[in-house]
Protein chains: 2
Amino acid sequence: VTGQHRPSRLTEKFEGSTRAKLNVLLDEQHIGHFAFVVDGLPRVMPIAYVRDGDELLLHGSTGSPWLRLLGTGVPVQVSVSALDAIVVARSAFESSMQYRSAVLTGHCAAVTKDDRVRSLDLVTEGLLPGRTSEIRTHSAKELAATLTLRMTVDDWTLKISEDWPDDAQADIAGTAWAGIVPLVRGYAEPIPAPDLAAGIAVPESVKRLLG
Amino acid sequence: VTGQHRPSRLTEKFEGSTRAKLNVLLDEQHIGHFAFVVDGLPRVMPIAYVRDGDELLLHGSTGSPWLRLLGTGVPVQVSVSALDAIVVARSAFESSMQYRSAVLTGHCAAVTKDDRVRSLDLVTEGLLPGRTSEIRTHSAKELAATLTLRMTVDDWTLKISEDWPDDAQADIAGTAWAGIVPLVRGYAEPIPAPDLAAGIAVPESVKRLLG
C-alpha cells in the first residue's frame, strides 16, 4: 500500500470494553492538556489530573484565573497521550510512532464542600498511592486556598496505534533496517530534601513506586 | 508559608536566553497538543512536530480534516510539556511536580512545494537523527499524499518548576519523609520487524538513539 495514502489503520473509536484501555492510559499519565475558548481564541494548558470513576479531578490555586474559568462550566476538551515506540520503517512515508491518545470532551464544576477532602485525597493517591496515610490531614487554610474541579466527560475517543512497519514489497526487498524502538518511562532513586532530618526512611509509598 | 496560598514560585515567563531552554524542551519532546476552535468549541489533538528554528513543522495525511483546517491559518495554541519529578512533601498541600511546560501561540500554513522535501526530511531527522541518509528519498505519490504545515509562533511562554518540598517548620520538625522522585525516559532495545530479512544490522541512527 506504499505510495498510496491510507488513514491510520489502527485509529478508531473504541467502545464498550475498551473503556478499560482508556482507564489504563488515564491512570498511567498524570498530565492532561486542557483546551478551552477565551474570546473566541483557543487556549490550552497542561494540568495534573486524577481519574475518579468516569470523571477527572483537577486542582490548583483558588487564585488561578484559568482554573476559575474552567469551574464556570465552559466547554473543555482534554488530550492525554503516551508515546510508546518509534516505528522505524524502510521509508520516511511509512515511519511513524506507536502511541495511545485519548481526547475527552466535557465541562467542569467545583466539587462540593463535603467532597473536598475526599477529592484532594484522591488527587494525592493518584500521584503517589498510599501517601495520604503517611502525612497529616489538610488544614482549613489549605482547603480554603485550593480549588478542586470535577470534569464530567460527555464524550471520549481513544486512538491506539500498535503498527509495525508496513513497507511496500520493493522496500522490503531492499537493505534498509525496519523495526520499532520502544520508549520506556520509569522512576529513578528518590532524592531526600535538603532539610530532611537524619533517620527518616524512604516511605512505603515511594518504595512501591520504584517497584 | 504553609497554610497561605502563594502562586507557583518558579512559574514565570522567560525571556531572552531562555529561548534555549524552550528549544531543549521542544527538541526533546515529539508530541504537541494542538488546540483550535471549531464552531465556538475547543478542540485539542496530539500531533507530532519537529522544531525548525523558531517554527514548528507538522505533517500528516492530505485527507485529515483537522490538519487541513489548521492549514487555513486559524488561530492555534500548542502545549508541550515534560514531567521531570514527583515532589513528595510532608503535606498534600505542598506536594507537587517538577515539570517544564511550553505554550506556543500562532498559526499554520502549508509549506511551499519547493520546501516539501526539506521539511519532511527535517521531520524524519527530528525523530531519528541520521535516518534520511539510510533510506530512499520520497516518491512523488508519497509527497502528494502528505500535507506538511509550518507553524509560525507569534508568542510563547515557558514555565519551569524545579521546586523542592517547601514545608512549614512544624511539618519539617515531624517524622514524614520529603524529597523528590525523578521520572526518567529512555529507549529500550530495538525490535526488528517480522519481515526483516536476515543479515540486516541495526542502523547507526537507531544505535545513536540508544546512546
# chains A, B, ... in the order shown; residues from 1 in each chain; ligands from 1
$ closest_atom_pairs --of "chain B" --to "chain A" --cutoff "7 Å" --atoms "only C-alpha atoms" --output "JSON lines"
{"residue": "B:Gly3", "atom": "CA", "partner": "A:Lys141", "partner_atom": "CA", "distance": 5.0}
{"residue": "B:Gln4", "atom": "CA", "partner": "A:Lys141", "partner_atom": "CA", "distance": 6.6}
{"residue": "B:His5", "atom": "CA", "partner": "A:Ala145", "partner_atom": "CA", "distance": 5.6}
{"residue": "B:His33", "atom": "CA", "partner": "A:His33", "partner_atom": "CA", "distance": 6.6}
{"residue": "B:Ala35", "atom": "CA", "partner": "A:Pro42", "partner_atom": "CA", "distance": 5.8}
{"residue": "B:Phe36", "atom": "CA", "partner": "A:Pro42", "partner_atom": "CA", "distance": 5.0}
{"residue": "B:Val37", "atom": "CA", "partner": "A:Pro42", "partner_atom": "CA", "distance": 5.7}
{"residue": "B:Gly40", "atom": "CA", "partner": "A:Gly40", "partner_atom": "CA", "distance": 6.6}
{"residue": "B:Leu41", "atom": "CA", "partner": "A:Pro75", "partner_atom": "CA", "distance": 6.7}
{"residue": "B:Pro42", "atom": "CA", "partner": "A:Phe36", "partner_atom": "CA", "distance": 5.0}
{"residue": "B:Arg43", "atom": "CA", "partner": "A:Gln77", "partner_atom": "CA", "distance": 6.1}
{"residue": "B:Val44", "atom": "CA", "partner": "A:Ala35", "partner_atom": "CA", "distance": 6.1}
{"residue": "B:Met45", "atom": "CA", "partner": "A:Ser79", "partner_atom": "CA", "distance": 6.1}
{"residue": "B:Pro46", "atom": "CA", "partner": "A:Ser79", "partner_atom": "CA", "distance": 6.9}
{"residue": "B:Pro75", "atom": "CA", "partner": "A:Leu41", "partner_atom": "CA", "distance": 6.7}
{"residue": "B:Val76", "atom": "CA", "partner": "A:Pro42", "partner_atom": "CA", "distance": 6.2}
{"residue": "B:Gln77", "atom": "CA", "partner": "A:Arg43", "partner_atom": "CA", "distance": 6.1}
{"residue": "B:Val78", "atom": "CA", "partner": "A:Val44", "partner_atom": "CA", "distance": 6.6}
{"residue": "B:Ser79", "atom": "CA", "partner": "A:Met45", "partner_atom": "CA", "distance": 6.1}
{"residue": "B:Arg90", "atom": "CA", "partner": "A:Ile135", "partner_atom": "CA", "distance": 6.1}
{"residue": "B:Ser91", "atom": "CA", "partner": "A:Ile135", "partner_atom": "CA", "distance": 5.8}
{"residue": "B:Ala92", "atom": "CA", "partner": "A:Thr124", "partner_atom": "CA", "distance": 6.4}
{"residue": "B:Phe93", "atom": "CA", "partner": "A:Glu142", "partner_atom": "CA", "distance": 6.5}
{"residue": "B:Thr124", "atom": "CA", "partner": "A:Ala92", "partner_atom": "CA", "distance": 6.4}
{"residue": "B:Glu134", "atom": "CA", "partner": "A:Ala176", "partner_atom": "CA", "distance": 6.8}
{"residue": "B:Ile135", "atom": "CA", "partner": "A:Ser91", "partner_atom": "CA", "distance": 5.8}
{"residue": "B:Arg136", "atom": "CA", "partner": "A:Ser91", "partner_atom": "CA", "distance": 6.3}
{"residue": "B:Lys141", "atom": "CA", "partner": "A:Gly3", "partner_atom": "CA", "distance": 5.1}
{"residue": "B:Glu142", "atom": "CA", "partner": "A:Gly3", "partner_atom": "CA", "distance": 5.1}
{"residue": "B:Ala145", "atom": "CA", "partner": "A:His5", "partner_atom": "CA", "distance": 5.5}
{"residue": "B:Trp164", "atom": "CA", "partner": "A:Ala193", "partner_atom": "CA", "distance": 6.8}
{"residue": "B:Pro165", "atom": "CA", "partner": "A:Ala193", "partner_atom": "CA", "distance": 6.8}
{"residue": "B:Thr175", "atom": "CA", "partner": "A:Ile200", "partner_atom": "CA", "distance": 6.6}
{"residue": "B:Ala176", "atom": "CA", "partner": "A:Ile135", "partner_atom": "CA", "distance": 6.4}
{"residue": "B:Trp177", "atom": "CA", "partner": "A:Ile200", "partner_atom": "CA", "distance": 6.0}
{"residue": "B:Ala178", "atom": "CA", "partner": "A:Ala193", "partner_atom": "CA", "distance": 5.5}
{"residue": "B:Gly179", "atom": "CA", "partner": "A:Pro192", "partner_atom": "CA", "distance": 4.1}
{"residue": "B:Ile180", "atom": "CA", "partner": "A:Ile191", "partner_atom": "CA", "distance": 5.3}
{"residue": "B:Val181", "atom": "CA", "partner": "A:Pro190", "partner_atom": "CA", "distance": 4.4}
{"residue": "B:Pro182", "atom": "CA", "partner": "A:Ala188", "partner_atom": "CA", "distance": 5.3}
{"residue": "B:Leu183", "atom": "CA", "partner": "A:Tyr187", "partner_atom": "CA", "distance": 4.6}
{"residue": "B:Val184", "atom": "CA", "partner": "A:Gly186", "partner_atom": "CA", "distance": 5.3}
{"residue": "B:Arg185", "atom": "CA", "partner": "A:Arg185", "partner_atom": "CA", "distance": 4.5}
{"residue": "B:Gly186", "atom": "CA", "partner": "A:Val184", "partner_atom": "CA", "distance": 5.3}
{"residue": "B:Tyr187", "atom": "CA", "partner": "A:Leu183", "partner_atom": "CA", "distance": 4.6}
{"residue": "B:Ala188", "atom": "CA", "partner": "A:Pro182", "partner_atom": "CA", "distance": 5.3}
{"residue": "B:Glu189", "atom": "CA", "partner": "A:Val181", "partner_atom": "CA", "distance": 6.5}
{"residue": "B:Pro190", "atom": "CA", "partner": "A:Val181", "partner_atom": "CA", "distance": 4.4}
{"residue": "B:Ile191", "atom": "CA", "partner": "A:Ile180", "partner_atom": "CA", "distance": 5.3}
{"residue": "B:Pro192", "atom": "CA", "partner": "A:Gly179", "partner_atom": "CA", "distance": 4.1}
{"residue": "B:Ala193", "atom": "CA", "partner": "A:Gly179", "partner_atom": "CA", "distance": 4.2}
{"residue": "B:Leu196", "atom": "CA", "partner": "A:Ala178", "partner_atom": "CA", "distance": 6.5}
{"residue": "B:Ile200", "atom": "CA", "partner": "A:Trp177", "partner_atom": "CA", "distance": 6.0}
{"residue": "B:Ala201", "atom": "CA", "partner": "A:Trp177", "partner_atom": "CA", "distance": 6.7}
{"residue": "B:Val202", "atom": "CA", "partner": "A:Trp177", "partner_atom": "CA", "distance": 6.3}
{"residue": "B:Pro203", "atom": "CA", "partner": "A:Trp177", "partner_atom": "CA", "distance": 6.6}
$ write_last_selection --atoms "C-alpha atoms" --output "mmCIF file, in the first residue's frame"
data_model
loop_
_atom_site.group_PDB
_atom_site.id
_atom_site.type_symbol
_atom_site.label_atom_id
_atom_site.label_comp_id
_atom_site.auth_asym_id
_atom_site.auth_seq_id
_atom_site.Cartn_x
_atom_site.Cartn_y
_atom_site.Cartn_z
ATOM 1 C CA GLY B 3 -1.434 27.431 55.095
ATOM 2 C CA GLN B 4 -1.301 30.519 52.974
ATOM 3 C CA HIS B 5 -1.621 30.147 49.272
ATOM 4 C CA HIS B 33 -1.206 19.131 21.956
ATOM 5 C CA ALA B 35 -5.792 23.424 20.320
ATOM 6 C CA PHE B 36 -8.066 25.272 17.928
ATOM 7 C CA VAL B 37 -11.678 26.396 17.802
ATOM 8 C CA GLY B 40 -17.007 28.057 19.005
ATOM 9 C CA LEU B 41 -15.941 24.876 20.791
ATOM 10 C CA PRO B 42 -12.441 23.898 21.905
ATOM 11 C CA ARG B 43 -10.697 21.090 20.062
ATOM 12 C CA VAL B 44 -7.342 19.640 21.023
ATOM 13 C CA MET B 45 -5.340 16.837 19.467
ATOM 14 C CA PRO B 46 -1.864 15.421 19.836
ATOM 15 C CA PRO B 75 -5.527 30.570 15.463
ATOM 16 C CA VAL B 76 -3.770 27.671 17.168
ATOM 17 C CA GLN B 77 -2.201 27.181 20.560
ATOM 18 C CA VAL B 78 0.020 24.223 21.355
ATOM 19 C CA SER B 79 1.076 22.757 24.676
ATOM 20 C CA ARG B 90 5.325 16.443 54.167
ATOM 21 C CA SER B 91 1.771 17.579 53.409
ATOM 22 C CA ALA B 92 -0.570 17.083 50.470
ATOM 23 C CA PHE B 93 -0.734 20.848 50.033
ATOM 24 C CA THR B 124 12.357 12.384 9.845
ATOM 25 C CA GLU B 134 19.812 5.428 5.401
ATOM 26 C CA ILE B 135 16.594 5.306 3.375
ATOM 27 C CA ARG B 136 15.430 6.120 -0.126
ATOM 28 C CA LYS B 141 2.997 9.754 -4.754
ATOM 29 C CA GLU B 142 4.153 9.962 -1.151
ATOM 30 C CA ALA B 145 -0.316 12.281 -0.123
ATOM 31 C CA TRP B 164 11.894 21.066 46.195
ATOM 32 C CA PRO B 165 9.435 20.454 49.008
ATOM 33 C CA THR B 175 8.522 12.459 61.031
ATOM 34 C CA ALA B 176 7.262 12.483 57.427
ATOM 35 C CA TRP B 177 9.780 11.929 54.629
ATOM 36 C CA ALA B 178 10.254 14.594 51.969
ATOM 37 C CA GLY B 179 12.169 14.627 48.717
ATOM 38 C CA ILE B 180 11.775 14.119 45.020
ATOM 39 C CA VAL B 181 11.363 11.052 42.848
ATOM 40 C CA PRO B 182 12.802 11.759 39.386
ATOM 41 C CA LEU B 183 10.978 10.479 36.327
ATOM 42 C CA VAL B 184 13.218 9.078 33.643
ATOM 43 C CA ARG B 185 12.612 8.374 29.975
ATOM 44 C CA GLY B 186 14.649 6.373 27.552
ATOM 45 C CA TYR B 187 14.761 3.906 24.696
ATOM 46 C CA ALA B 188 14.706 0.147 25.052
ATOM 47 C CA GLU B 189 16.448 -2.321 22.753
ATOM 48 C CA PRO B 190 15.106 -2.138 19.191
ATOM 49 C CA ILE B 191 12.896 -4.974 17.953
ATOM 50 C CA PRO B 192 13.306 -5.970 14.281
ATOM 51 C CA ALA B 193 10.205 -6.087 12.078
ATOM 52 C CA LEU B 196 13.121 -8.040 8.131
ATOM 53 C CA ILE B 200 20.398 -6.523 8.024
ATOM 54 C CA ALA B 201 22.040 -4.857 11.025
ATOM 55 C CA VAL B 202 20.552 -2.222 13.324
ATOM 56 C CA PRO B 203 21.466 1.083 11.639
#
$ select_by_dssp --residues "range 1-160 of chain A" --states "strand (DSSP E or B)" --output "number ranges by chain"
A: 31-38, 41-52, 55-61, 76-88, 96-110, 146-160
$ residues_around --residues "Thr112 in chain A" --least-positions-apart "6" --cutoff "10 Å" --atoms "only C-alpha atoms" --output "CSV table (one decimal) with C-alpha atoms, in the first residue's frame"
chain,number,residue,atom,x,y,z
A,119,SER,CA,-11.3,14.7,46.3
A,148,THR,CA,-10.8,21.4,43.1
A,149,LEU,CA,-12.8,20.7,40.0
A,150,ARG,CA,-14.6,17.7,38.8
$ residues_around --residues "Ala109 in chain B" --least-positions-apart "4" --cutoff "8 Å" --atoms "only C-alpha atoms" --output "MDAnalysis selection string"
chainID B and resid 70:73 149:151
$ write_last_selection --atoms "N, CA, C and O atoms" --output "short mmCIF file (atom, residue, chain, number, x, y, z; two decimals), in the first residue's frame"
data_model
loop_
_atom_site.label_atom_id
_atom_site.label_comp_id
_atom_site.auth_asym_id
_atom_site.auth_seq_id
_atom_site.Cartn_x
_atom_site.Cartn_y
_atom_site.Cartn_z
N LEU B 70 -6.20 23.38 10.13
CA LEU B 70 -5.05 24.12 10.66
C LEU B 70 -4.31 24.83 9.52
O LEU B 70 -3.82 25.95 9.69
N GLY B 71 -4.26 24.19 8.37
CA GLY B 71 -3.55 24.76 7.23
C GLY B 71 -4.19 26.03 6.69
O GLY B 71 -3.55 26.78 5.93
N THR B 72 -5.45 26.28 7.06
CA THR B 72 -6.10 27.51 6.60
C THR B 72 -5.65 28.72 7.42
O THR B 72 -6.04 29.85 7.12
N GLY B 73 -4.86 28.47 8.49
CA GLY B 73 -4.33 29.61 9.24
C GLY B 73 -5.17 30.03 10.44
O GLY B 73 -4.96 31.12 10.97
N LEU B 149 2.71 21.19 7.34
CA LEU B 149 2.40 22.55 7.77
C LEU B 149 3.58 23.15 8.53
O LEU B 149 4.33 22.43 9.18
N ARG B 150 3.69 24.44 8.43
CA ARG B 150 4.69 25.19 9.19
C ARG B 150 3.93 26.12 10.13
O ARG B 150 3.10 26.91 9.70
N MET B 151 4.19 26.01 11.42
CA MET B 151 3.52 26.88 12.39
C MET B 151 4.43 28.06 12.72
O MET B 151 5.54 27.89 13.22
#
$ select_by_dssp --residues "chain B" --states "alpha helix (DSSP H)" --output "VMD selection string"
chain B and resid 19 to 28 65 to 71 116 to 127 140 to 145 169 to 172 204 to 209
